[in-house]
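data_17.cif (mmCIF, C-alpha atoms)
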data_coords
#
loop_
_atom_site.label_atom_id
_atom_site.label_comp_id
_atom_site.auth_asym_id
_atom_site.auth_seq_id
_atom_site.Cartn_x
_atom_site.Cartn_y
_atom_site.Cartn_z
CA MET A 1 24.14 -51.85 12.66
CA LEU A 2 26.25 -53.51 15.32
CA GLU A 3 24.82 -53.94 18.77
CA GLU A 4 27.53 -51.65 20.23
CA THR A 5 26.52 -48.95 17.76
CA PHE A 6 22.93 -49.40 18.88
CA HIS A 7 24.03 -48.91 22.49
CA SER A 8 25.88 -45.67 21.70
CA CYS A 9 23.01 -44.32 19.62
CA CYS A 10 20.64 -45.03 22.50
CA GLN A 11 22.92 -43.16 24.87
CA LEU A 12 22.80 -40.16 22.52
CA LEU A 13 19.01 -40.44 22.35
CA LEU A 14 18.84 -40.54 26.13
CA GLN A 15 21.01 -37.45 26.43
CA GLN A 16 18.70 -35.57 24.04
CA SER A 17 15.70 -36.88 25.90
CA GLU A 18 17.14 -35.57 29.20
CA GLN A 19 17.33 -32.10 27.73
CA LEU A 20 13.91 -32.23 26.14
CA LYS A 21 12.41 -34.00 29.14
CA ASP A 22 10.34 -36.23 26.84
CA GLY A 23 10.59 -39.37 28.89
CA TRP A 24 12.90 -41.91 27.23
CA SER A 25 14.52 -44.39 29.57
CA TRP A 26 16.88 -47.33 29.26
CA GLU A 27 15.75 -50.68 30.57
CA PRO A 28 17.41 -54.02 30.14
CA VAL A 29 14.83 -56.64 29.23
CA GLN A 30 15.89 -60.23 29.64
CA SER A 31 19.35 -59.27 28.43
CA LEU A 32 17.88 -57.42 25.45
CA PRO A 33 18.78 -53.75 25.38
CA VAL A 34 15.71 -51.52 25.21
CA ALA A 35 15.04 -47.84 25.17
CA SER A 36 11.45 -47.02 26.09
CA ASN A 37 9.21 -44.06 26.10
CA ASP A 38 6.03 -44.22 28.05
CA ALA A 39 2.75 -42.56 27.46
CA ASP A 40 3.62 -39.81 25.08
CA SER A 41 0.36 -38.00 24.43
CA ILE A 42 -0.44 -36.44 21.11
CA THR A 43 -3.70 -35.33 19.66
CA VAL A 44 -4.47 -36.98 16.39
CA ASP A 45 -7.18 -35.77 14.09
CA ILE A 46 -8.98 -38.49 12.21
CA VAL A 47 -9.04 -37.53 8.54
CA ASP A 48 -11.74 -38.35 6.01
CA ASP A 49 -10.45 -40.23 3.00
CA ASP A 50 -12.15 -38.10 0.41
CA ASP A 51 -10.54 -34.86 1.51
CA GLU A 52 -8.52 -32.82 -0.91
CA ASP A 53 -4.97 -33.90 -1.20
CA ASP A 54 -3.20 -30.60 -0.96
CA GLY A 55 -1.17 -31.44 2.07
CA VAL A 56 -3.71 -29.96 4.44
CA CYS A 57 -5.87 -32.07 6.69
CA MET A 58 -9.46 -30.96 6.84
CA VAL A 59 -11.05 -32.12 10.02
CA SER A 60 -14.41 -31.65 11.56
CA GLU A 61 -14.41 -30.89 15.22
CA ASP A 62 -16.07 -33.96 16.55
CA SER A 63 -13.79 -36.42 14.75
CA SER A 64 -10.70 -35.63 16.81
CA GLN A 65 -9.57 -38.12 19.36
CA VAL A 66 -6.69 -38.07 21.81
CA LEU A 67 -4.37 -41.04 21.43
CA LYS A 68 -1.58 -42.18 23.65
CA TYR A 69 1.51 -43.80 22.13
CA GLU A 70 4.00 -45.98 23.89
CA TYR A 71 7.31 -46.60 22.10
CA HIS A 72 10.01 -49.14 22.66
CA ILE A 73 13.16 -49.49 20.62
CA LEU A 74 14.89 -52.83 20.66
CA TYR A 75 17.91 -54.18 18.93
CA SER A 76 17.01 -57.12 16.70
CA CYS A 77 19.78 -59.66 16.39
CA SER A 78 18.02 -61.31 13.47
CA TYR A 79 18.03 -58.13 11.38
CA SER A 80 21.02 -56.43 13.00
CA THR A 81 19.07 -53.20 13.21
CA PRO A 82 16.93 -51.39 15.75
CA VAL A 83 13.24 -52.18 15.60
CA LEU A 84 10.51 -49.84 16.78
CA TYR A 85 7.65 -51.36 18.73
CA PHE A 86 4.71 -49.17 19.58
CA ARG A 87 1.22 -49.31 20.98
CA ALA A 88 -1.52 -46.79 20.52
CA PHE A 89 -4.28 -46.35 23.11
CA THR A 90 -7.29 -44.16 23.51
CA LEU A 91 -7.44 -42.29 26.79
CA GLU A 92 -9.88 -44.90 28.05
CA GLY A 93 -7.14 -47.47 27.63
CA ARG A 94 -8.49 -49.24 24.57
CA SER A 95 -5.72 -50.39 22.24
CA LEU A 96 -5.99 -49.50 18.59
CA SER A 97 -6.08 -52.31 16.07
CA LEU A 98 -3.64 -52.41 13.18
CA GLU A 99 -6.35 -51.07 10.85
CA GLU A 100 -7.01 -48.10 13.10
CA VAL A 101 -3.31 -47.32 13.32
CA TRP A 102 -3.05 -47.37 9.53
CA SER A 103 -6.02 -45.07 9.20
CA SER A 104 -4.43 -42.53 11.54
CA ILE A 105 -1.44 -42.15 9.20
CA HIS A 106 -1.58 -39.45 6.54
CA PRO A 107 -2.64 -41.01 3.19
CA ASN A 108 0.52 -39.86 1.37
CA PHE A 109 2.83 -41.44 3.89
CA ARG A 110 0.63 -44.50 4.05
CA LEU A 111 1.16 -45.11 0.33
CA ARG A 112 4.92 -44.88 0.70
CA LEU A 113 4.90 -47.36 3.56
CA GLN A 114 2.66 -49.82 1.76
CA ASP A 115 4.95 -49.86 -1.27
CA SER A 116 7.86 -51.03 0.82
CA PRO A 117 8.63 -54.70 0.12
CA LEU A 118 8.91 -55.55 3.77
CA HIS A 119 5.33 -54.49 4.57
CA THR A 120 6.47 -52.18 7.27
CA ILE A 121 3.92 -52.29 10.00
CA SER A 122 2.76 -55.59 11.36
CA GLN A 123 1.32 -56.94 14.52
CA GLN A 124 3.95 -58.66 16.51
CA ALA A 125 3.68 -61.63 18.80
CA SER A 126 2.90 -61.42 22.44
CA GLU A 127 6.38 -62.47 23.55
CA LEU A 128 7.64 -58.92 23.53
CA ARG A 129 4.63 -57.80 25.46
CA ILE A 130 5.50 -60.22 28.21
CA ASP A 131 9.03 -58.86 28.34
CA MET A 132 7.74 -55.32 28.44
CA ALA A 133 5.40 -56.11 31.28
CA GLN A 134 8.35 -57.52 33.20
CA CYS A 135 10.26 -54.29 32.89
CA GLY A 136 7.25 -52.53 34.26
CA GLY A 137 7.01 -50.13 31.37
CA SER A 138 3.50 -50.59 30.10
CA SER A 139 0.57 -48.59 31.33
CA GLY A 140 -3.01 -49.62 30.69
CA GLY A 141 -4.16 -51.68 27.73
CA SER A 142 -2.01 -54.52 28.97
CA GLY A 143 -3.39 -57.08 26.60
CA CYS A 144 -2.71 -55.63 23.22
CA PRO A 145 0.33 -56.81 21.31
CA PRO A 146 2.54 -54.02 20.06
CA GLU A 147 2.82 -53.02 16.44
CA VAL A 148 6.23 -53.33 14.89
CA LEU A 149 7.87 -51.00 12.47
CA HIS A 150 10.01 -53.33 10.42
CA PRO A 151 13.56 -52.28 9.72
CA ALA A 152 14.12 -50.93 6.25
CA PRO A 153 16.22 -53.11 3.96
CA PRO A 154 19.92 -52.11 4.12
CA MET B 1 14.02 -93.17 22.65
CA CYS B 2 16.33 -91.42 20.22
CA ARG B 3 15.56 -92.08 16.60
CA ARG B 4 17.54 -91.69 13.43
CA LEU B 5 15.56 -89.82 10.86
CA ALA B 6 14.98 -90.87 7.32
CA ALA B 7 12.89 -87.81 6.57
CA SER B 8 14.00 -85.38 3.95
CA GLY B 9 11.30 -82.76 3.89
CA VAL B 10 9.09 -80.86 6.22
CA PHE B 11 5.79 -82.30 5.12
CA ARG B 12 6.78 -85.91 4.78
CA ARG B 13 5.59 -88.39 7.34
CA PHE B 14 8.34 -89.45 9.71
CA SER B 15 8.89 -93.01 10.85
CA GLY B 16 7.05 -93.00 14.12
CA ASP B 17 7.13 -94.80 17.39
CA SER B 18 4.26 -96.95 18.54
CA ARG B 19 2.46 -94.06 20.18
CA GLY B 20 1.96 -92.48 16.77
CA MET B 21 2.90 -89.09 18.09
CA THR B 22 5.73 -88.68 15.67
CA ALA B 23 3.37 -88.71 12.71
CA SER B 24 2.90 -85.48 10.85
CA THR B 25 -0.49 -84.98 12.43
CA VAL B 26 -1.79 -84.97 15.94
CA ALA B 27 -5.17 -86.40 16.89
CA GLY B 28 -7.12 -83.69 18.62
CA LEU B 29 -10.44 -83.81 20.37
CA LEU B 30 -12.15 -80.47 20.48
CA SER B 31 -15.00 -79.75 22.78
CA SER B 32 -16.61 -76.51 23.71
CA GLU B 33 -17.44 -75.38 27.15
CA PRO B 34 -19.54 -76.65 28.89
CA THR B 35 -18.55 -80.15 27.89
CA ALA B 36 -22.10 -81.24 27.41
CA LYS B 37 -21.86 -79.87 23.90
CA PRO B 38 -20.94 -82.23 21.02
CA ARG B 39 -17.26 -82.94 20.54
CA GLN B 40 -15.26 -83.08 17.34
CA GLU B 41 -12.29 -85.25 16.58
CA LEU B 42 -9.74 -83.96 14.08
CA LEU B 43 -6.34 -84.78 12.72
CA LEU B 44 -4.38 -81.59 13.23
CA PRO B 45 -1.30 -81.06 11.05
CA ARG B 46 1.77 -80.47 13.20
CA VAL B 47 3.12 -77.89 10.81
CA SER B 48 0.05 -75.69 10.61
CA TYR B 49 -1.68 -73.28 12.99
CA LEU B 50 -4.81 -73.85 15.07
CA THR B 51 -6.83 -71.00 13.62
CA LEU B 52 -5.97 -72.06 10.07
CA VAL B 53 -7.31 -75.59 10.32
CA THR B 54 -10.37 -75.25 12.51
CA ASP B 55 -12.94 -73.65 10.22
CA LYS B 56 -15.01 -76.83 10.30
CA VAL B 57 -14.79 -76.90 14.08
CA LYS B 58 -16.15 -73.39 14.23
CA LYS B 59 -19.05 -74.24 11.92
CA HIS B 60 -19.76 -77.38 13.89
CA PHE B 61 -20.05 -75.59 17.20
CA LEU B 62 -21.89 -72.63 15.78
CA LYS B 63 -24.78 -74.96 15.01
CA VAL B 64 -25.38 -75.50 18.69
CA ILE B 65 -24.36 -72.18 20.21
CA LYS B 66 -26.57 -69.12 20.07
CA ALA B 67 -25.25 -66.41 17.75
CA ASP B 68 -25.38 -63.91 20.62
CA ASP B 69 -22.92 -66.00 22.56
CA VAL B 70 -20.33 -66.14 19.81
CA GLU B 71 -17.26 -63.91 19.82
CA GLU B 72 -13.74 -64.73 18.67
CA MET B 73 -12.87 -68.42 18.91
CA TRP B 74 -9.91 -69.46 21.02
CA PHE B 75 -8.46 -72.72 22.36
CA GLU B 76 -7.37 -73.90 25.75
CA TYR B 77 -5.75 -77.01 27.23
CA GLU B 78 -5.93 -77.70 30.96
CA GLY B 79 -6.44 -74.05 31.76
CA THR B 80 -3.69 -72.78 29.47
CA PRO B 81 -4.78 -70.67 26.49
CA LEU B 82 -3.11 -72.11 23.40
CA LYS B 83 -1.14 -69.59 21.34
CA TRP B 84 -2.44 -70.00 17.82
CA HIS B 85 0.68 -68.37 16.41
CA TYR B 86 2.80 -71.33 17.53
CA PRO B 87 2.76 -74.33 15.17
CA ILE B 88 0.34 -77.01 16.37
CA GLY B 89 3.10 -79.58 16.77
CA VAL B 90 5.01 -77.24 19.07
CA LEU B 91 1.93 -76.66 21.22
CA PHE B 92 1.38 -80.40 21.48
CA ASP B 93 5.00 -81.19 22.34
CA LEU B 94 5.07 -78.45 24.94
CA HIS B 95 1.79 -79.15 26.66
CA ALA B 96 0.66 -82.68 25.97
CA THR B 97 3.39 -84.82 24.54
CA ASN B 98 3.33 -87.50 27.19
CA THR B 99 -0.41 -87.74 27.59
CA VAL B 100 -2.84 -90.22 26.13
CA LEU B 101 -4.18 -89.37 22.69
CA PRO B 102 -6.43 -87.83 21.50
CA TRP B 103 -5.37 -84.42 22.74
CA SER B 104 -8.39 -82.85 24.43
CA ILE B 105 -8.65 -79.20 23.59
CA THR B 106 -11.45 -76.94 24.78
CA VAL B 107 -12.86 -74.43 22.31
CA HIS B 108 -14.13 -71.11 23.65
CA PHE B 109 -16.28 -68.47 22.04
CA LYS B 110 -16.33 -65.90 24.82
CA THR B 111 -14.02 -64.04 27.21
CA PHE B 112 -11.07 -63.95 24.86
CA PRO B 113 -7.95 -63.71 27.03
CA ASP B 114 -6.46 -60.47 25.70
CA GLY B 115 -3.49 -60.70 28.00
CA ASP B 116 -2.42 -64.12 26.77
CA LEU B 117 -3.38 -64.45 23.14
CA LEU B 118 -3.11 -62.49 19.94
CA HIS B 119 -6.33 -61.82 18.12
CA CYS B 120 -6.80 -63.72 14.89
CA GLN B 121 -9.81 -62.41 13.13
CA SER B 122 -8.91 -63.55 9.63
CA ASN B 123 -6.50 -65.75 7.72
CA SER B 124 -4.58 -62.67 6.62
CA VAL B 125 -3.39 -62.29 10.21
CA ILE B 126 -2.00 -65.83 10.11
CA GLU B 127 -0.46 -65.16 6.72
CA ALA B 128 1.23 -61.99 7.98
CA HIS B 129 2.64 -63.83 10.98
CA PHE B 130 3.82 -66.76 8.83
CA MET B 131 5.49 -64.51 6.27
CA SER B 132 7.17 -62.44 8.96
CA SER B 133 8.72 -65.64 10.38
CA ILE B 134 9.93 -66.64 6.94
CA LYS B 135 11.47 -63.21 6.44
CA GLU B 136 13.17 -63.27 9.81
CA ALA B 137 14.52 -66.77 9.15
CA ASP B 138 15.95 -65.59 5.85
CA ALA B 139 17.48 -62.54 7.50
CA LEU B 140 19.37 -65.01 9.69
CA LYS B 141 20.24 -67.48 6.92
CA HIS B 142 20.97 -65.22 3.98
CA LYS B 143 20.85 -61.60 5.18
CA SER B 144 17.38 -61.52 3.58
CA GLN B 145 18.85 -61.81 0.07
CA VAL B 146 16.82 -64.82 -1.02
CA VAL B 147 13.46 -63.65 0.31
CA ASN B 148 14.00 -60.13 -1.08
CA ASP B 149 14.82 -61.55 -4.50
CA MET B 150 11.50 -63.36 -4.56
CA GLN B 151 8.48 -61.69 -6.06
CA LYS B 152 5.27 -61.08 -4.22
CA LYS B 153 3.68 -64.03 -6.04
CA ASP B 154 6.47 -66.30 -4.78
CA HIS B 155 5.76 -65.25 -1.20
CA LYS B 156 2.10 -65.92 -1.88
CA GLN B 157 2.97 -69.37 -3.16
CA LEU B 158 4.68 -70.27 0.12
CA TRP B 159 1.60 -69.25 2.04
CA MET B 160 -0.86 -70.95 -0.31
CA GLY B 161 1.20 -74.14 -0.19
CA LEU B 162 0.85 -74.19 3.59
CA GLN B 163 -2.77 -73.13 3.67
CA ASN B 164 -3.88 -75.69 1.10
CA ASP B 165 -1.50 -78.41 2.21
CA LYS B 166 0.23 -78.53 -1.19
CA PHE B 167 3.69 -79.97 -0.61
CA ASP B 168 5.06 -79.47 -4.13
CA GLN B 169 3.75 -75.93 -4.42
CA PHE B 170 5.37 -75.04 -1.11
CA TRP B 171 8.72 -76.68 -1.78
CA ALA B 172 9.05 -75.22 -5.27
CA MET B 173 9.75 -71.93 -3.47
CA ASN B 174 11.03 -73.15 -0.13
CA ARG B 175 13.96 -75.00 -1.69
CA LYS B 176 15.46 -71.61 -2.57
CA LEU B 177 15.36 -70.69 1.10
CA MET B 178 17.28 -73.87 1.90
CA GLU B 179 20.22 -73.21 -0.41
CA TYR B 180 23.59 -71.87 0.63
CA PRO B 181 26.94 -71.22 -1.07
CA THR B 182 28.93 -74.47 -1.00
CA GLU B 183 32.05 -72.81 0.25
CA GLU B 184 30.21 -71.57 3.34
CA GLY B 185 29.21 -75.03 4.51
CA GLY B 186 25.83 -73.82 5.67
CA PHE B 187 23.61 -70.88 6.44
CA ARG B 188 24.94 -67.71 8.02
CA TYR B 189 23.02 -68.29 11.24
CA ILE B 190 20.52 -71.04 12.10
CA PRO B 191 16.93 -69.87 12.70
CA PHE B 192 15.81 -71.67 15.86
CA ARG B 193 13.66 -71.20 18.92
CA ILE B 194 14.01 -73.24 22.10
CA TYR B 195 10.85 -73.50 24.17
CA GLN B 196 10.85 -74.49 27.80
CA THR B 197 7.84 -75.25 29.93
CA MET B 198 9.59 -74.43 33.17
CA SER B 199 10.22 -70.76 32.49
CA ASP B 200 8.36 -67.47 32.14
CA ARG B 201 10.51 -66.68 29.20
CA PRO B 202 8.61 -67.55 26.03
CA PHE B 203 11.57 -68.92 24.07
CA ILE B 204 15.29 -68.66 23.54
CA GLN B 205 16.41 -67.27 20.21
CA LYS B 206 19.96 -66.07 19.61
CA LEU B 207 22.56 -65.95 16.89
CA PHE B 208 24.27 -69.28 16.32
CA ARG B 209 26.39 -70.43 13.41
CA PRO B 210 26.16 -73.92 11.89
CA VAL B 211 29.95 -74.18 11.57
CA SER B 212 32.57 -72.95 14.01
CA PRO B 213 35.32 -70.55 12.86
CA GLU B 214 37.70 -73.53 12.91
CA GLY B 215 35.42 -75.39 10.51
CA ASN B 216 33.82 -77.80 13.01
CA VAL B 217 30.23 -78.73 12.28
CA HIS B 218 27.94 -77.66 15.12
CA THR B 219 25.49 -80.24 16.42
CA LEU B 220 22.19 -80.07 18.28
CA GLY B 221 24.20 -80.83 21.41
CA ASN B 222 26.51 -77.87 20.77
CA LEU B 223 23.51 -75.57 20.40
CA LEU B 224 21.97 -76.72 23.66
CA LYS B 225 25.24 -76.50 25.55
CA GLU B 226 25.47 -72.89 24.49
CA MET B 227 21.83 -71.86 24.86
CA TYR B 228 20.36 -74.12 27.53
CA PRO B 229 23.09 -76.17 29.19
CA SER B 230 20.86 -77.71 31.86
CA ALA B 231 18.95 -79.52 29.11
CA ILE B 232 21.87 -81.90 28.69
CA PRO B 233 22.90 -84.07 31.62
CA ASN B 234 26.54 -84.23 32.64
CA ASP B 235 28.26 -87.63 32.57
CA GLY B 236 26.77 -89.95 35.12
CA GLU B 237 23.76 -87.75 35.80
CA PRO B 238 20.27 -89.01 35.03
CA LYS B 239 18.50 -87.49 32.06
CA ARG B 240 16.08 -84.83 33.26
CA PHE B 241 14.85 -83.36 29.98
CA GLN B 242 13.71 -84.51 26.57
CA VAL B 243 14.79 -82.39 23.63
CA VAL B 244 11.95 -82.73 21.17
CA ILE B 245 11.56 -81.64 17.54
CA HIS B 246 8.37 -82.64 15.72
CA GLY B 247 7.58 -85.02 18.54
CA ILE B 248 10.81 -87.01 18.39
CA GLU B 249 14.18 -86.75 20.09
CA PRO B 250 16.91 -86.41 17.46
CA LEU B 251 20.37 -87.59 18.42
CA LEU B 252 22.35 -84.76 19.98
CA GLU B 253 25.14 -85.50 17.49
CA THR B 254 22.90 -84.50 14.56
CA PRO B 255 24.41 -81.58 12.65
CA LEU B 256 22.43 -78.41 13.19
CA GLN B 257 22.65 -77.45 9.52
CA TRP B 258 21.00 -80.74 8.55
CA LEU B 259 18.27 -80.21 11.15
CA SER B 260 17.66 -76.72 9.83
CA GLU B 261 17.32 -77.94 6.26
CA HIS B 262 15.18 -80.98 6.99
CA LEU B 263 13.35 -80.49 10.27
CA SER B 264 12.42 -76.84 10.13
CA HIS B 265 8.79 -75.94 10.13
CA PRO B 266 7.32 -74.32 7.01
CA ASP B 267 8.14 -70.96 8.66
CA ASN B 268 11.80 -71.98 8.23
CA PHE B 269 12.47 -72.06 11.98
CA LEU B 270 13.67 -75.06 13.95
CA HIS B 271 11.26 -75.20 16.87
CA ILE B 272 12.85 -77.15 19.72
CA CYS B 273 10.93 -78.09 22.86
CA VAL B 274 12.73 -78.95 26.08
CA ILE B 275 10.36 -80.78 28.36
CA PRO B 276 10.90 -82.55 31.65
CA VAL B 277 11.23 -86.33 31.43
CA PRO B 278 7.92 -87.79 32.58
CA THR B 279 7.95 -89.32 36.03
CA ASP B 280 5.77 -92.37 35.58
#
As structure tokens - that is how I would like this structure written.
Amino acid sequence: MLEETFHSCCQLLLQQSEQLKDGWSWEPVQSLPVASNDADSITVDIVDDDDEDDGVCMVSEDSSQVLKYEYHILYSCSYSTPVLYFRAFTLEGRSLSLEEVWSSIHPNFRLRLQDSPLHTISQQASELRIDMAQCGGSSGGSGCPPEVLHPAPP
Amino acid sequence: MCRRLAASGVFRRFSGDSRGMTASTVAGLLSSEPTAKPRQELLLPRVSYLTLVTDKVKKHFLKVIKADDVEEMWFEYEGTPLKWHYPIGVLFDLHATNTVLPWSITVHFKTFPDGDLLHCQSNSVIEAHFMSSIKEADALKHKSQVVNDMQKKDHKQLWMGLQNDKFDQFWAMNRKLMEYPTEEGGFRYIPFRIYQTMSDRPFIQKLFRPVSPEGNVHTLGNLLKEMYPSAIPNDGEPKRFQVVIHGIEPLLETPLQWLSEHLSHPDNFLHICVIPVPTD
């Protein structure tokens, strides 16, 4: 994807976001174009591994936990595609480790992701975190490096 | 101070100057806080990563520190936490290149600085970081075609070669990442990072071709002029910065393609440090 295409897609995303009021904003970061979404709260139910695999998640009441996700989409010049960076926090501000993030993904989808040759989710270096702090986007959990969703092969 | 290089491979020892800093290892002196504790002297490979080569250090200090007081190990030099995910040679060139050897690093086992450092709780974290650099470098050089054509065991071989310091094992695979179609004259883009001590910005990394559209070979000087022009003095001006790769200053006329093939780190990136000239 060309960088100009990325720009126009972001503009479309922002227009949609305006209508839905779900909080995406555009922030230039050190000359890197970024679209960010702050503190989108969703309730995630932690699922036991030995549950039946019939597409339904069986959850006991005391295993649910509210998580906060922060998303940033950047254009990667190296890969010529957008890359999704995200961080997951508990409400107390504790960042989730990579293992915890993996375990919060439905087992079926997890398998699909793990089969991908590019090993889709990885922990990315702190450089981006510094840039994000400069654009004032991050709330709480300032120390944890973001997870990266690698671009799919073309 | 500029030196011509006879080296032809990442792991080979370079011809060094009398300070010995251009060797492929750096002499490090590790001590834990408080400094009353016993110190350990090590030869640290420039091309590796701190957390990969300091198992013995950890064991050594764990003998004298109470188990209760031990959390994740991290390293610091003169108050600056050292980023383990940078190659050791880069850390040295950035922070300590003009100081007297051995390089005195302080080892910590408490109060891990979450805001400054990535956690590194196992070698698989280092492996993931290393492989992601290799993949990104290949995305720049070959649109990921070479690395995607490799099997998982080939990727593993690159990592094991680095981890176990096995030159031949590493290069058996890495040579594929250094190939390019002859008619192209070089890689698609050169994987590089320029580090500066005088900036908040962690590093400069942008797209840059090894050959211009007119067919002119791009040099190290061309790269710097484009990415960090103040690193190169104008005619008549005194030299304010040293441009350092693996502890030496290559001639600015050196072709970038050659540097990429011969002076990249095992992660396939050219790590270039721009440091102020020391004022003696």
Expected selection from the PyMOL selection byres ((chain B) within 6 of (chain A)), given as JSON, numbers by chain: {"B": [114, 115, 139, 140]}
Hey, can you spit out that residue selection with C-alpha atoms as a short mmCIF file (atom, residue, chain, number, x, y, z; two decimals), keeping the file's coordinate frame?
data_model
loop_
_atom_site.label_atom_id
_atom_site.label_comp_id
_atom_site.auth_asym_id
_atom_site.auth_seq_id
_atom_site.Cartn_x
_atom_site.Cartn_y
_atom_site.Cartn_z
CA ASP B 114 -6.46 -60.47 25.70
CA GLY B 115 -3.49 -60.70 28.00
CA ALA B 139 17.48 -62.54 7.50
CA LEU B 140 19.37 -65.01 9.69
#
Hits from the PyMOL selection byres ((chain B and resi 154) around 12), listed as a PyMOL selection string: chain B and resi 131+146-153+155-161+169-177
Atomic separation - CA of Pro191 in chain B relative to CA of His142 in chain B, Å: 10.7 Å
Between CA of Leu62 in chain B and CA of Leu44 in chain B - distance in Å to one decimal: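 Separation between CA of Leu44 in chain B and CA of Leu62 in chain B: 19.8 Å.
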Explicit residues for the PyMOL selection byres ((chain B and resi 186) around 10) (as a PyMOL selection string): chain B and resi 141+178-185+187-190+209-211+217+256-258+260-261
Coordinates-based distance that separates CA of Thr97 in chain B from CA of His246 in chain B (Å, one decimal): 10.4 Å
Selection near Ser48 in chain B, 9 Å with all atoms listed in the file, sequence-local residues under 3 positions removed, as a ChimeraX atom specification: /B:44-45,51-53,86-89,162-163,165,265-266
